[in-house]
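Undergrad: Dropping in final_35.tsv, with TSV, C-alpha atoms.
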```tsv
chain	number	residue	atom	x	y	z
A	13	MET	CA	5.39	23.78	-15.50
A	14	ASN	CA	5.38	23.66	-19.26
A	15	GLN	CA	2.51	23.93	-21.71
A	16	THR	CA	0.52	20.78	-22.37
A	17	ASP	CA	1.18	19.61	-25.87
A	18	LEU	CA	-1.33	17.52	-27.80
A	19	TYR	CA	1.33	15.36	-29.39
A	20	THR	CA	2.70	14.39	-25.97
A	21	VAL	CA	-0.82	13.61	-24.74
A	22	ALA	CA	-1.36	11.38	-27.79
A	23	THR	CA	1.95	9.61	-27.08
A	24	ILE	CA	0.90	9.03	-23.48
A	25	ALA	CA	-2.44	7.60	-24.66
A	26	GLY	CA	-0.48	5.32	-27.02
A	27	MET	CA	1.71	4.17	-24.14
A	28	ALA	CA	-1.41	3.38	-22.11
A	29	CYS	CA	-2.60	1.18	-25.00
A	30	VAL	CA	0.79	-0.54	-25.02
A	31	THR	CA	0.41	-1.28	-21.29
A	32	VAL	CA	-3.03	-2.82	-21.85
A	33	LEU	CA	-1.91	-4.74	-24.94
A	34	THR	CA	1.16	-6.28	-23.30
A	35	ARG	CA	-0.41	-7.04	-19.91
A	36	CYS	CA	-3.49	-8.60	-21.54
A	37	PHE	CA	-1.83	-10.12	-24.61
A	38	PHE	CA	-2.78	-13.73	-23.93
A	39	LEU	CA	-6.02	-12.83	-22.16
A	40	LEU	CA	-7.71	-11.30	-25.20
A	41	SER	CA	-8.82	-14.33	-27.18
A	42	SER	CA	-11.25	-16.71	-25.49
A	43	LYS	CA	-10.64	-19.55	-27.94
A	44	PRO	CA	-9.58	-22.74	-26.18
A	45	TRP	CA	-5.84	-22.89	-26.35
A	46	THR	CA	-3.04	-24.17	-24.18
A	47	LEU	CA	0.65	-23.47	-24.15
A	48	PRO	CA	2.97	-26.22	-25.38
A	49	SER	CA	4.48	-28.06	-22.42
A	50	TRP	CA	8.02	-26.75	-22.91
A	51	ALA	CA	6.66	-23.21	-22.72
A	52	GLN	CA	4.70	-24.05	-19.59
A	53	ARG	CA	7.86	-25.36	-17.97
A	54	GLY	CA	9.74	-22.31	-19.21
A	55	LEU	CA	7.29	-20.07	-17.36
A	56	HIS	CA	8.63	-21.40	-14.06
A	57	TYR	CA	11.92	-19.68	-14.83
A	58	ALA	CA	10.71	-16.54	-16.61
A	59	PRO	CA	9.56	-14.35	-13.67
A	60	ILE	CA	12.81	-14.59	-11.74
A	61	ALA	CA	14.76	-14.08	-14.99
A	62	ALA	CA	12.77	-10.92	-15.78
A	63	LEU	CA	13.38	-9.51	-12.30
A	64	SER	CA	17.06	-10.31	-12.42
A	65	ALA	CA	17.43	-8.81	-15.90
A	66	VAL	CA	15.79	-5.57	-14.72
A	67	ILE	CA	17.70	-5.12	-11.47
A	68	VAL	CA	21.21	-6.49	-12.03
A	69	PRO	CA	22.22	-3.77	-14.54
A	70	GLU	CA	20.81	-1.16	-12.10
A	71	MET	CA	23.09	-2.53	-9.41
A	72	VAL	CA	26.40	-2.96	-11.21
A	73	MET	CA	26.39	-0.54	-14.15
A	74	THR	CA	26.76	3.22	-14.55
A	75	GLN	CA	26.11	4.97	-17.87
A	76	GLY	CA	26.10	1.61	-19.67
A	77	GLN	CA	29.49	0.56	-18.26
A	78	LEU	CA	30.21	-2.09	-15.65
A	79	ILE	CA	31.41	-0.24	-12.54
A	80	ALA	CA	35.15	-0.52	-12.00
A	81	THR	CA	35.39	0.70	-8.41
A	82	TRP	CA	34.33	-0.77	-5.09
A	83	GLN	CA	33.43	2.73	-3.92
A	84	ASP	CA	29.85	2.44	-5.03
A	85	ALA	CA	27.07	2.75	-2.48
A	86	ARG	CA	24.92	0.29	-4.41
A	87	ILE	CA	27.28	-2.66	-3.84
A	88	PHE	CA	27.22	-2.18	-0.07
A	89	ALA	CA	23.47	-1.60	-0.03
A	90	VAL	CA	22.84	-4.80	-2.00
A	91	LEU	CA	25.15	-6.84	0.24
A	92	ALA	CA	23.51	-5.43	3.37
A	93	GLY	CA	20.04	-6.09	1.95
A	94	LEU	CA	20.94	-9.67	0.98
A	95	ALA	CA	22.48	-10.36	4.39
A	96	TRP	CA	19.33	-9.12	6.13
A	97	TYR	CA	17.07	-11.08	3.81
A	98	TYR	CA	18.84	-14.39	4.41
A	99	TRP	CA	19.05	-13.73	8.14
A	100	ARG	CA	15.45	-12.69	8.71
A	101	ARG	CA	13.53	-13.54	5.47
A	102	ASP	CA	11.91	-10.12	5.71
A	103	LEU	CA	11.27	-7.91	2.67
A	104	LEU	CA	10.63	-4.60	4.42
A	105	GLY	CA	13.79	-5.05	6.50
A	106	THR	CA	15.73	-5.72	3.30
A	107	ILE	CA	14.65	-2.34	1.91
A	108	ILE	CA	15.26	-0.44	5.17
A	109	VAL	CA	18.69	-1.99	5.88
A	110	GLY	CA	19.74	-1.54	2.25
A	111	MET	CA	18.70	2.12	2.19
A	112	ALA	CA	20.29	2.70	5.62
A	113	MET	CA	23.55	1.59	4.03
A	114	TYR	CA	22.93	3.36	0.71
A	115	LEU	CA	21.88	6.88	1.70
A	116	PRO	CA	24.85	7.81	3.96
A	117	LEU	CA	27.37	6.44	1.44
A	118	HIS	CA	25.63	7.96	-1.58
A	119	VAL	CA	24.48	11.32	-0.25
A	120	GLY	CA	27.19	11.71	2.40
A	121	LEU	CA	30.31	10.42	0.64
A	122	GLY	CA	29.08	10.78	-2.92
A	123	TRP	CA	29.77	7.11	-3.80
B	121	MET	CA	2.59	-6.75	-0.71
B	122	ALA	CA	2.54	-4.50	2.36
B	123	SER	CA	6.19	-5.32	2.96
B	124	VAL	CA	7.31	-4.21	-0.50
B	125	ALA	CA	4.98	-1.21	-0.80
B	126	PRO	CA	7.58	1.23	0.68
B	127	GLY	CA	10.02	0.30	-2.08
B	128	LEU	CA	7.33	0.76	-4.70
B	129	ALA	CA	6.37	4.09	-3.13
B	130	ALA	CA	9.95	5.40	-3.26
B	131	TRP	CA	10.19	4.34	-6.89
B	132	GLY	CA	6.85	6.00	-7.68
B	133	LEU	CA	7.98	9.20	-5.95
B	134	MET	CA	11.17	9.37	-8.01
B	135	THR	CA	9.29	8.60	-11.22
B	136	GLY	CA	6.97	11.52	-10.42
B	137	VAL	CA	9.94	13.80	-9.83
B	138	ALA	CA	11.62	12.59	-13.03
B	139	MET	CA	8.46	13.28	-15.07
B	140	ALA	CA	8.00	16.77	-13.68
B	141	LYS	CA	11.68	17.66	-14.13
B	142	SER	CA	11.84	16.37	-17.69
B	143	GLY	CA	9.72	19.29	-18.88
B	144	MET	CA	6.35	17.56	-19.07
B	145	SER	CA	3.39	19.68	-18.04
B	146	GLY	CA	1.61	18.83	-14.80
B	147	PHE	CA	-1.40	17.54	-16.72
B	148	GLU	CA	0.78	15.29	-18.88
B	149	ALA	CA	2.62	13.89	-15.88
B	150	VAL	CA	-0.61	13.13	-14.02
B	151	LEU	CA	-2.11	11.57	-17.13
B	152	MET	CA	0.95	9.37	-17.58
B	153	THR	CA	0.83	8.25	-13.94
B	154	LEU	CA	-2.83	7.28	-14.15
B	155	LEU	CA	-3.02	5.79	-17.65
B	156	VAL	CA	0.34	4.21	-18.33
B	157	PHE	CA	0.86	2.69	-14.85
B	158	ALA	CA	4.14	1.00	-15.76
B	159	GLY	CA	7.24	2.35	-14.04
B	160	SER	CA	9.93	0.88	-16.25
B	161	SER	CA	8.12	1.90	-19.42
B	162	GLN	CA	7.60	5.45	-18.08
B	163	LEU	CA	11.25	5.79	-17.07
B	164	ALA	CA	12.34	4.61	-20.52
B	165	ALA	CA	9.94	7.04	-22.27
B	166	ILE	CA	10.66	10.18	-20.22
B	167	PRO	CA	14.08	10.98	-21.77
B	168	LEU	CA	12.73	10.13	-25.25
B	169	LEU	CA	9.76	12.48	-24.80
B	170	ALA	CA	12.05	15.23	-23.54
B	171	ALA	CA	14.34	14.75	-26.55
B	172	GLY	CA	11.37	15.02	-28.93
B	173	ALA	CA	11.73	11.48	-30.28
B	174	PRO	CA	9.09	10.40	-32.83
B	175	MET	CA	6.00	8.73	-31.38
B	176	TRP	CA	6.66	5.33	-32.95
B	177	VAL	CA	10.11	5.15	-31.31
B	178	ILE	CA	8.61	5.92	-27.91
B	179	LEU	CA	5.82	3.38	-28.35
B	180	ALA	CA	8.23	0.72	-29.63
B	181	THR	CA	10.50	1.30	-26.62
B	182	SER	CA	7.57	1.11	-24.28
B	183	PHE	CA	6.45	-2.11	-25.96
B	184	CYS	CA	9.89	-3.72	-25.66
B	185	VAL	CA	10.29	-2.74	-22.02
B	186	ASN	CA	6.84	-4.24	-21.43
B	187	LEU	CA	7.47	-7.50	-23.31
B	188	ARG	CA	7.87	-9.36	-20.02
B	189	PHE	CA	4.18	-8.67	-19.35
B	190	ILE	CA	3.30	-10.78	-22.40
B	191	VAL	CA	5.07	-13.69	-20.72
B	192	PHE	CA	3.15	-12.93	-17.52
B	193	SER	CA	-0.18	-12.80	-19.38
B	194	ALA	CA	0.46	-16.23	-20.89
B	195	HIS	CA	0.92	-17.53	-17.37
B	196	LEU	CA	-2.11	-15.70	-15.96
B	197	ARG	CA	-4.37	-16.95	-18.74
B	198	ALA	CA	-5.09	-20.24	-16.98
B	199	TYR	CA	-6.11	-18.34	-13.83
B	200	LEU	CA	-8.33	-15.75	-15.48
B	201	MET	CA	-9.97	-17.27	-18.56
B	202	HIS	CA	-13.22	-18.06	-16.72
B	203	GLN	CA	-13.81	-14.29	-16.38
B	204	PRO	CA	-15.62	-12.20	-19.02
B	205	LEU	CA	-13.41	-10.17	-21.36
B	206	TRP	CA	-13.76	-6.81	-19.61
B	207	ARG	CA	-12.75	-8.32	-16.28
B	208	ARG	CA	-9.77	-10.01	-17.87
B	209	LEU	CA	-8.72	-6.65	-19.29
B	210	VAL	CA	-9.09	-4.95	-15.91
B	211	SER	CA	-7.21	-7.77	-14.13
B	212	GLY	CA	-4.47	-7.69	-16.75
B	213	PHE	CA	-4.02	-3.92	-16.67
B	214	PHE	CA	-3.66	-3.73	-12.90
B	215	THR	CA	-1.33	-6.73	-12.57
B	216	ALA	CA	2.17	-5.27	-12.70
B	217	ASP	CA	5.42	-7.01	-11.78
B	218	LEU	CA	4.98	-7.21	-8.02
B	219	SER	CA	1.37	-8.38	-8.11
B	220	TYR	CA	2.22	-11.02	-10.68
B	221	VAL	CA	5.22	-12.35	-8.79
B	222	LEU	CA	3.43	-12.44	-5.44
B	223	PHE	CA	0.29	-13.95	-6.98
B	224	THR	CA	2.06	-16.83	-8.75
B	225	LYS	CA	4.13	-17.45	-5.63
B	226	ARG	CA	1.03	-17.71	-3.45
B	227	TYR	CA	-0.94	-19.74	-6.00
B	228	PRO	CA	1.49	-21.87	-8.05
B	229	HIS	CA	-1.41	-23.66	-9.78
B	230	PRO	CA	-4.70	-22.45	-11.29
B	231	SER	CA	-7.86	-24.03	-9.96
B	232	ASP	CA	-11.22	-25.25	-11.28
B	233	GLU	CA	-13.00	-24.86	-7.95
B	234	ALA	CA	-15.21	-21.82	-7.56
B	235	LEU	CA	-14.09	-21.13	-4.00
B	236	THR	CA	-10.38	-21.26	-4.76
B	237	ARG	CA	-10.94	-19.08	-7.81
B	238	ARG	CA	-12.70	-16.52	-5.64
B	239	ALA	CA	-9.81	-16.60	-3.20
B	240	GLN	CA	-7.31	-16.15	-6.04
B	241	GLU	CA	-9.27	-13.25	-7.52
B	242	ALA	CA	-9.50	-11.60	-4.12
B	243	TYR	CA	-5.77	-11.98	-3.53
B	244	LEU	CA	-4.94	-10.58	-6.97
B	245	ALA	CA	-7.34	-7.64	-6.55
B	246	GLY	CA	-5.96	-6.87	-3.09
B	247	ASN	CA	-2.41	-6.89	-4.39
B	248	ALA	CA	-3.36	-4.71	-7.34
B	249	ALA	CA	-5.13	-2.19	-5.09
B	250	MET	CA	-2.13	-2.00	-2.75
B	251	SER	CA	0.38	-1.60	-5.54
B	252	TRP	CA	-1.83	0.93	-7.34
B	253	SER	CA	-2.07	3.15	-4.27
B	254	ALA	CA	1.60	2.66	-3.37
B	255	TRP	CA	2.54	3.69	-6.90
B	256	VAL	CA	0.07	6.39	-7.93
B	257	GLY	CA	-0.04	8.32	-4.62
B	258	PRO	CA	3.73	8.87	-4.32
B	259	SER	CA	4.00	9.54	-8.09
B	260	LEU	CA	1.50	12.40	-7.79
B	261	LEU	CA	3.33	13.65	-4.69
B	262	GLY	CA	6.59	13.53	-6.65
B	263	ILE	CA	5.09	15.62	-9.46
B	264	VAL	CA	3.98	18.27	-6.93
B	265	LEU	CA	7.20	18.24	-4.90
B	266	ALA	CA	9.51	17.87	-7.90
B	267	HIS	CA	11.59	20.89	-7.01
B	268	SER	CA	12.23	20.02	-3.39
B	269	ILE	CA	13.42	16.43	-3.92
B	270	PRO	CA	16.74	16.12	-5.74
B	271	LEU	CA	17.05	13.09	-8.04
B	272	SER	CA	20.67	12.80	-6.87
B	273	TRP	CA	19.61	11.30	-3.53
B	274	GLY	CA	18.81	8.14	-5.42
B	275	LEU	CA	15.69	7.26	-3.39
B	276	GLY	CA	14.60	5.17	-6.35
B	277	PHE	CA	17.18	2.60	-5.31
B	278	ALA	CA	14.66	1.44	-2.70
B	279	ALA	CA	12.69	-0.08	-5.58
B	280	ILE	CA	15.71	-2.10	-6.67
B	281	LEU	CA	16.09	-3.38	-3.10
B	282	ALA	CA	12.40	-4.32	-3.00
B	283	LEU	CA	12.76	-6.24	-6.26
B	284	LEU	CA	15.94	-7.85	-4.91
B	285	GLY	CA	14.02	-9.14	-1.89
B	286	ILE	CA	11.35	-10.61	-4.15
B	287	LEU	CA	14.03	-12.16	-6.33
B	288	CYS	CA	15.50	-13.92	-3.29
B	289	SER	CA	12.09	-15.16	-2.22
B	290	LEU	CA	11.55	-16.64	-5.70
B	291	ALA	CA	14.89	-18.43	-5.73
B	292	THR	CA	13.46	-21.55	-4.10
B	293	THR	CA	15.11	-24.11	-6.40
B	294	ARG	CA	18.60	-24.40	-7.81
B	295	LEU	CA	17.40	-24.02	-11.38
B	296	ARG	CA	15.59	-20.80	-10.50
B	297	ALA	CA	18.79	-19.47	-8.94
B	298	VAL	CA	20.57	-20.43	-12.17
B	299	SER	CA	17.86	-18.60	-14.12
B	300	ALA	CA	18.46	-15.44	-12.07
B	301	GLY	CA	22.23	-15.70	-12.51
B	302	VAL	CA	22.10	-16.26	-16.27
B	303	ALA	CA	19.53	-13.49	-16.78
B	304	GLY	CA	21.50	-11.00	-14.70
B	305	ALA	CA	24.75	-11.71	-16.52
B	306	ALA	CA	23.08	-11.68	-19.95
B	307	ALA	CA	21.28	-8.39	-19.20
B	308	VAL	CA	24.63	-6.76	-18.37
B	309	ALA	CA	26.42	-8.33	-21.34
B	310	ALA	CA	23.67	-7.31	-23.79
B	311	PHE	CA	23.17	-3.86	-22.26
B	312	ALA	CA	24.26	-2.07	-25.42
B	313	LEU	CA	21.19	-3.30	-27.32
B	314	PRO	CA	18.68	-0.55	-28.13
B	315	LEU	CA	15.12	-0.33	-26.72
B	316	LYS	CA	16.04	-2.23	-23.54
B	317	LEU	CA	16.04	-5.42	-25.60
B	318	ASN	CA	18.75	-6.73	-23.26
B	319	ILE	CA	15.96	-7.65	-20.82
B	320	LEU	CA	14.20	-9.81	-23.39
B	321	VAL	CA	17.46	-11.43	-24.50
B	322	ALA	CA	18.28	-12.17	-20.86
B	323	ILE	CA	14.90	-13.80	-20.18
B	324	ALA	CA	15.18	-15.94	-23.32
B	325	ALA	CA	18.74	-17.00	-22.48
B	326	ALA	CA	17.91	-17.87	-18.87
B	327	VAL	CA	14.80	-19.88	-19.78
B	328	ALA	CA	16.66	-21.74	-22.54
B	329	VAL	CA	19.55	-22.65	-20.22
B	330	CYS	CA	17.17	-23.88	-17.52
B	331	LEU	CA	15.12	-25.98	-19.95
B	332	MET	CA	18.34	-27.59	-21.16
B	333	LEU	CA	19.55	-28.23	-17.61
B	334	GLU	CA	16.19	-29.82	-16.78
B	335	LYS	CA	16.86	-32.42	-19.49
B	336	MET	CA	20.16	-33.44	-17.92
B	337	PRO	CA	19.96	-36.71	-15.95
B	338	GLN	CA	20.64	-35.06	-12.58
B	339	GLY	CA	18.32	-32.13	-13.24
B	340	ARG	CA	15.00	-32.52	-11.47
B	341	PRO	CA	12.05	-30.99	-13.32
B	342	GLU	CA	10.66	-27.95	-11.54
B	343	HIS	CA	7.03	-28.94	-12.06
B	344	ALA	CA	7.28	-32.38	-10.45
B	345	GLY	CA	5.60	-31.62	-7.16
B	346	ASN	CA	7.69	-28.76	-5.94
B	347	PRO	CA	6.43	-27.67	-2.55
B	348	ASP	CA	6.55	-23.87	-2.96
```
Represent the supplied structure as structure tokens.
TA:
Amino acid sequence: MNQTDLYTVATIAGMACVTVLTRCFFLLSSKPWTLPSWAQRGLHYAPIAALSAVIVPEMVMTQGQLIATWQDARIFAVLAGLAWYYWRRDLLGTIIVGMAMYLPLHVGLGW
Amino acid sequence: MASVAPGLAAWGLMTGVAMAKSGMSGFEAVLMTLLVFAGSSQLAAIPLLAAGAPMWVILATSFCVNLRFIVFSAHLRAYLMHQPLWRRLVSGFFTADLSYVLFTKRYPHPSDEALTRRAQEAYLAGNAAMSWSAWVGPSLLGIVLAHSIPLSWGLGFAAILALLGILCSLATTRLRAVSAGVAGAAAVAAFALPLKLNILVAIAAAVAVCLMLEKMPQGRPEHAGNPD
């Protein structure tokens, strides 16, 4: 393990403040205030959009490039996970089935 | 939450390994796990820290990756404003992606009744406690075991599968499915943007498209008595 460096510790403390600031952004002020109605409606679509935006690049991109081969363990794992989800509606099964497809292909075949 | 905890745990484990292998000291890695408590922000910051990037760049990156939480906090405001400030801060800090998604799925509308509010607070706190333990425990384990778990196994992919399952369970209306599709495509198309801004662009694009589709004659507004 490396030496602890004060600058890194300060950066970590700063990042902790960023976590608090962003997660509590609209919880800080207690003045009465409501969102405009278009924004309230927009919030129905934001959570799924955020999730999709985080995971889709992780599934279909490598080093910032769209993958060009079907020999990628992630594609099969995602398809297996989706199939299980829509068959059984079960989150834990989705993870287990997906990883059961992913690990042999990825670790075994190097896809 | 129990059903997605294994995915979160695998992700936490790999984040722990990534921190320890990036050259951070054990103390720094533990501190980051406990204080920052935001996987995507940590993963974005680790390579920057290792490369000796200036602090403001790291904090700006962390802020951008976390921008989605600002959207979440706007949504949670109606549920939490009856609490005193310090409790709102605690609730906000511990409500990460999974807790937020599961909470708003279980309780689509805030309530004025004391009993329902208690139930909502209990559900949120339970979720937060589960996700905290499922994240922090494996992260610490990953820091300790860093040299016996190769990153190349890709165990962190379990987290993506967990998030995928949640995504499917959120896709209860056609417009929400459209939102997921637009956001996914936009996040890939805008991937070259710095500071993970592609995520923010994707959210904005998806929400804008859905609000426009709602206005079309055949589009049914999401908020008009949807059963979920």
Undergrad: Rounded to one decimal, what separation in Å do you get between CA of Leu104 in chain A and CA of Thr215 in chain B?
TA: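 Going from CA of Leu104 in chain A over to CA of Thr215 in chain B, I get 20.9 Å.
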Undergrad: Just want the 9 Å neighbourhood of range 59-63 of chain A, counted on all atoms listed in the file, with same-chain residues fewer than 2 positions away dropped. Output as a ChimeraX atom specification.
TA: /A:55-57,65-68 /B:188,191-192,217,220-221,283-284,286-288,290-291,296-297,299-304,319-320,322-327
Undergrad: What's the separation between CA of Ser259 in chain B and CA of Leu151 in chain B, in Å to one decimal place?
TA: 11.1 Å
Undergrad: By how many Å are CA of Leu117 in chain A and CA of Gly285 in chain B apart?
TA: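 A separation of 20.8 Å between them.
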Undergrad: Would you kindly report the residues of chain B within 7 Å of chain A, using only C-alpha atoms, as an NGL selection string?
TA: :B and (123-124 or 127 or 143-148 or 152 or 155-156 or 175 or 179 or 182-183 or 186-190 or 193-195 or 197 or 201 or 205 or 208-209 or 212-213 or 221 or 273 or 278 or 280-283 or 285 or 287 or 290 or 296 or 299-300 or 303-304 or 307-308 or 311 or 319 or 322-323 or 326-327 or 331 or 343)
Undergrad: Some atoms are missing, so please complete range 138-166 of chain B with N, CA and C atoms and return it as an mmCIF file, in the coordinates of the input.
TA:
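The file below, out-v8.cif, is the result:
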```cif
data_model
loop_
_atom_site.group_PDB
_atom_site.id
_atom_site.type_symbol
_atom_site.label_atom_id
_atom_site.label_comp_id
_atom_site.auth_asym_id
_atom_site.auth_seq_id
_atom_site.Cartn_x
_atom_site.Cartn_y
_atom_site.Cartn_z
ATOM 1 N N ALA B 138 10.962 12.652 -11.723
ATOM 2 C CA ALA B 138 11.620 12.590 -13.030
ATOM 3 C C ALA B 138 10.705 13.120 -14.131
ATOM 4 N N MET B 139 9.402 12.799 -14.047
ATOM 5 C CA MET B 139 8.460 13.280 -15.070
ATOM 6 C C MET B 139 8.363 14.799 -15.028
ATOM 7 N N ALA B 140 8.177 15.323 -13.804
ATOM 8 C CA ALA B 140 8.000 16.770 -13.680
ATOM 9 C C ALA B 140 9.257 17.521 -14.119
ATOM 10 N N LYS B 141 10.430 16.963 -13.791
ATOM 11 C CA LYS B 141 11.680 17.660 -14.130
ATOM 12 C C LYS B 141 12.049 17.536 -15.595
ATOM 13 N N SER B 142 11.442 16.576 -16.301
ATOM 14 C CA SER B 142 11.840 16.370 -17.690
ATOM 15 C C SER B 142 11.216 17.409 -18.609
ATOM 16 N N GLY B 143 10.340 18.268 -18.045
ATOM 17 C CA GLY B 143 9.720 19.290 -18.880
ATOM 18 C C GLY B 143 8.312 18.949 -19.309
ATOM 19 N N MET B 144 7.749 17.856 -18.770
ATOM 20 C CA MET B 144 6.350 17.560 -19.070
ATOM 21 C C MET B 144 5.471 18.519 -18.272
ATOM 22 N N SER B 145 4.299 18.832 -18.803
ATOM 23 C CA SER B 145 3.390 19.680 -18.040
ATOM 24 C C SER B 145 2.767 18.854 -16.923
ATOM 25 N N GLY B 146 2.220 19.530 -15.911
ATOM 26 C CA GLY B 146 1.610 18.830 -14.800
ATOM 27 C C GLY B 146 0.519 17.885 -15.260
ATOM 28 N N PHE B 147 -0.311 18.356 -16.201
ATOM 29 C CA PHE B 147 -1.400 17.540 -16.720
ATOM 30 C C PHE B 147 -0.858 16.276 -17.376
ATOM 31 N N GLU B 148 0.202 16.448 -18.190
ATOM 32 C CA GLU B 148 0.780 15.290 -18.880
ATOM 33 C C GLU B 148 1.342 14.277 -17.892
ATOM 34 N N ALA B 149 2.016 14.791 -16.856
ATOM 35 C CA ALA B 149 2.620 13.890 -15.880
ATOM 36 C C ALA B 149 1.550 13.110 -15.115
ATOM 37 N N VAL B 150 0.470 13.799 -14.745
ATOM 38 C CA VAL B 150 -0.610 13.130 -14.020
ATOM 39 C C VAL B 150 -1.276 12.092 -14.921
ATOM 40 N N LEU B 151 -1.501 12.480 -16.174
ATOM 41 C CA LEU B 151 -2.110 11.570 -17.130
ATOM 42 C C LEU B 151 -1.267 10.310 -17.302
ATOM 43 N N MET B 152 0.052 10.499 -17.397
ATOM 44 C CA MET B 152 0.950 9.370 -17.580
ATOM 45 C C MET B 152 0.900 8.453 -16.365
ATOM 46 N N THR B 153 0.904 9.046 -15.175
ATOM 47 C CA THR B 153 0.830 8.250 -13.940
ATOM 48 C C THR B 153 -0.413 7.374 -13.942
ATOM 49 N N LEU B 154 -1.564 7.998 -14.280
ATOM 50 C CA LEU B 154 -2.830 7.280 -14.150
ATOM 51 C C LEU B 154 -3.053 6.281 -15.281
ATOM 52 N N LEU B 155 -2.685 6.646 -16.508
ATOM 53 C CA LEU B 155 -3.020 5.790 -17.650
ATOM 54 C C LEU B 155 -1.959 4.752 -17.958
ATOM 55 N N VAL B 156 -0.693 5.131 -17.867
ATOM 56 C CA VAL B 156 0.340 4.210 -18.330
ATOM 57 C C VAL B 156 0.618 3.163 -17.247
ATOM 58 N N PHE B 157 0.748 3.602 -15.977
ATOM 59 C CA PHE B 157 0.860 2.690 -14.850
ATOM 60 C C PHE B 157 1.887 1.586 -15.099
ATOM 61 N N ALA B 158 3.073 1.970 -15.553
ATOM 62 C CA ALA B 158 4.140 1.000 -15.760
ATOM 63 C C ALA B 158 5.465 1.733 -15.589
ATOM 64 N N GLY B 159 6.068 1.556 -14.405
ATOM 65 C CA GLY B 159 7.240 2.350 -14.040
ATOM 66 C C GLY B 159 8.388 2.262 -15.017
ATOM 67 N N SER B 160 8.755 1.022 -15.405
ATOM 68 C CA SER B 160 9.930 0.880 -16.250
ATOM 69 C C SER B 160 9.685 1.492 -17.620
ATOM 70 N N SER B 161 8.453 1.338 -18.116
ATOM 71 C CA SER B 161 8.120 1.900 -19.420
ATOM 72 C C SER B 161 8.118 3.435 -19.357
ATOM 73 N N GLN B 162 7.597 3.994 -18.246
ATOM 74 C CA GLN B 162 7.600 5.450 -18.080
ATOM 75 C C GLN B 162 9.032 5.983 -18.024
ATOM 76 N N LEU B 163 9.871 5.312 -17.214
ATOM 77 C CA LEU B 163 11.250 5.790 -17.070
ATOM 78 C C LEU B 163 12.004 5.719 -18.392
ATOM 79 N N ALA B 164 11.673 4.713 -19.214
ATOM 80 C CA ALA B 164 12.340 4.610 -20.520
ATOM 81 C C ALA B 164 11.831 5.706 -21.454
ATOM 82 N N ALA B 165 10.544 6.086 -21.327
ATOM 83 C CA ALA B 165 9.940 7.040 -22.270
ATOM 84 C C ALA B 165 10.266 8.497 -21.919
ATOM 85 N N ILE B 166 10.479 8.784 -20.634
ATOM 86 C CA ILE B 166 10.660 10.180 -20.220
ATOM 87 C C ILE B 166 11.795 10.882 -20.971
#
```
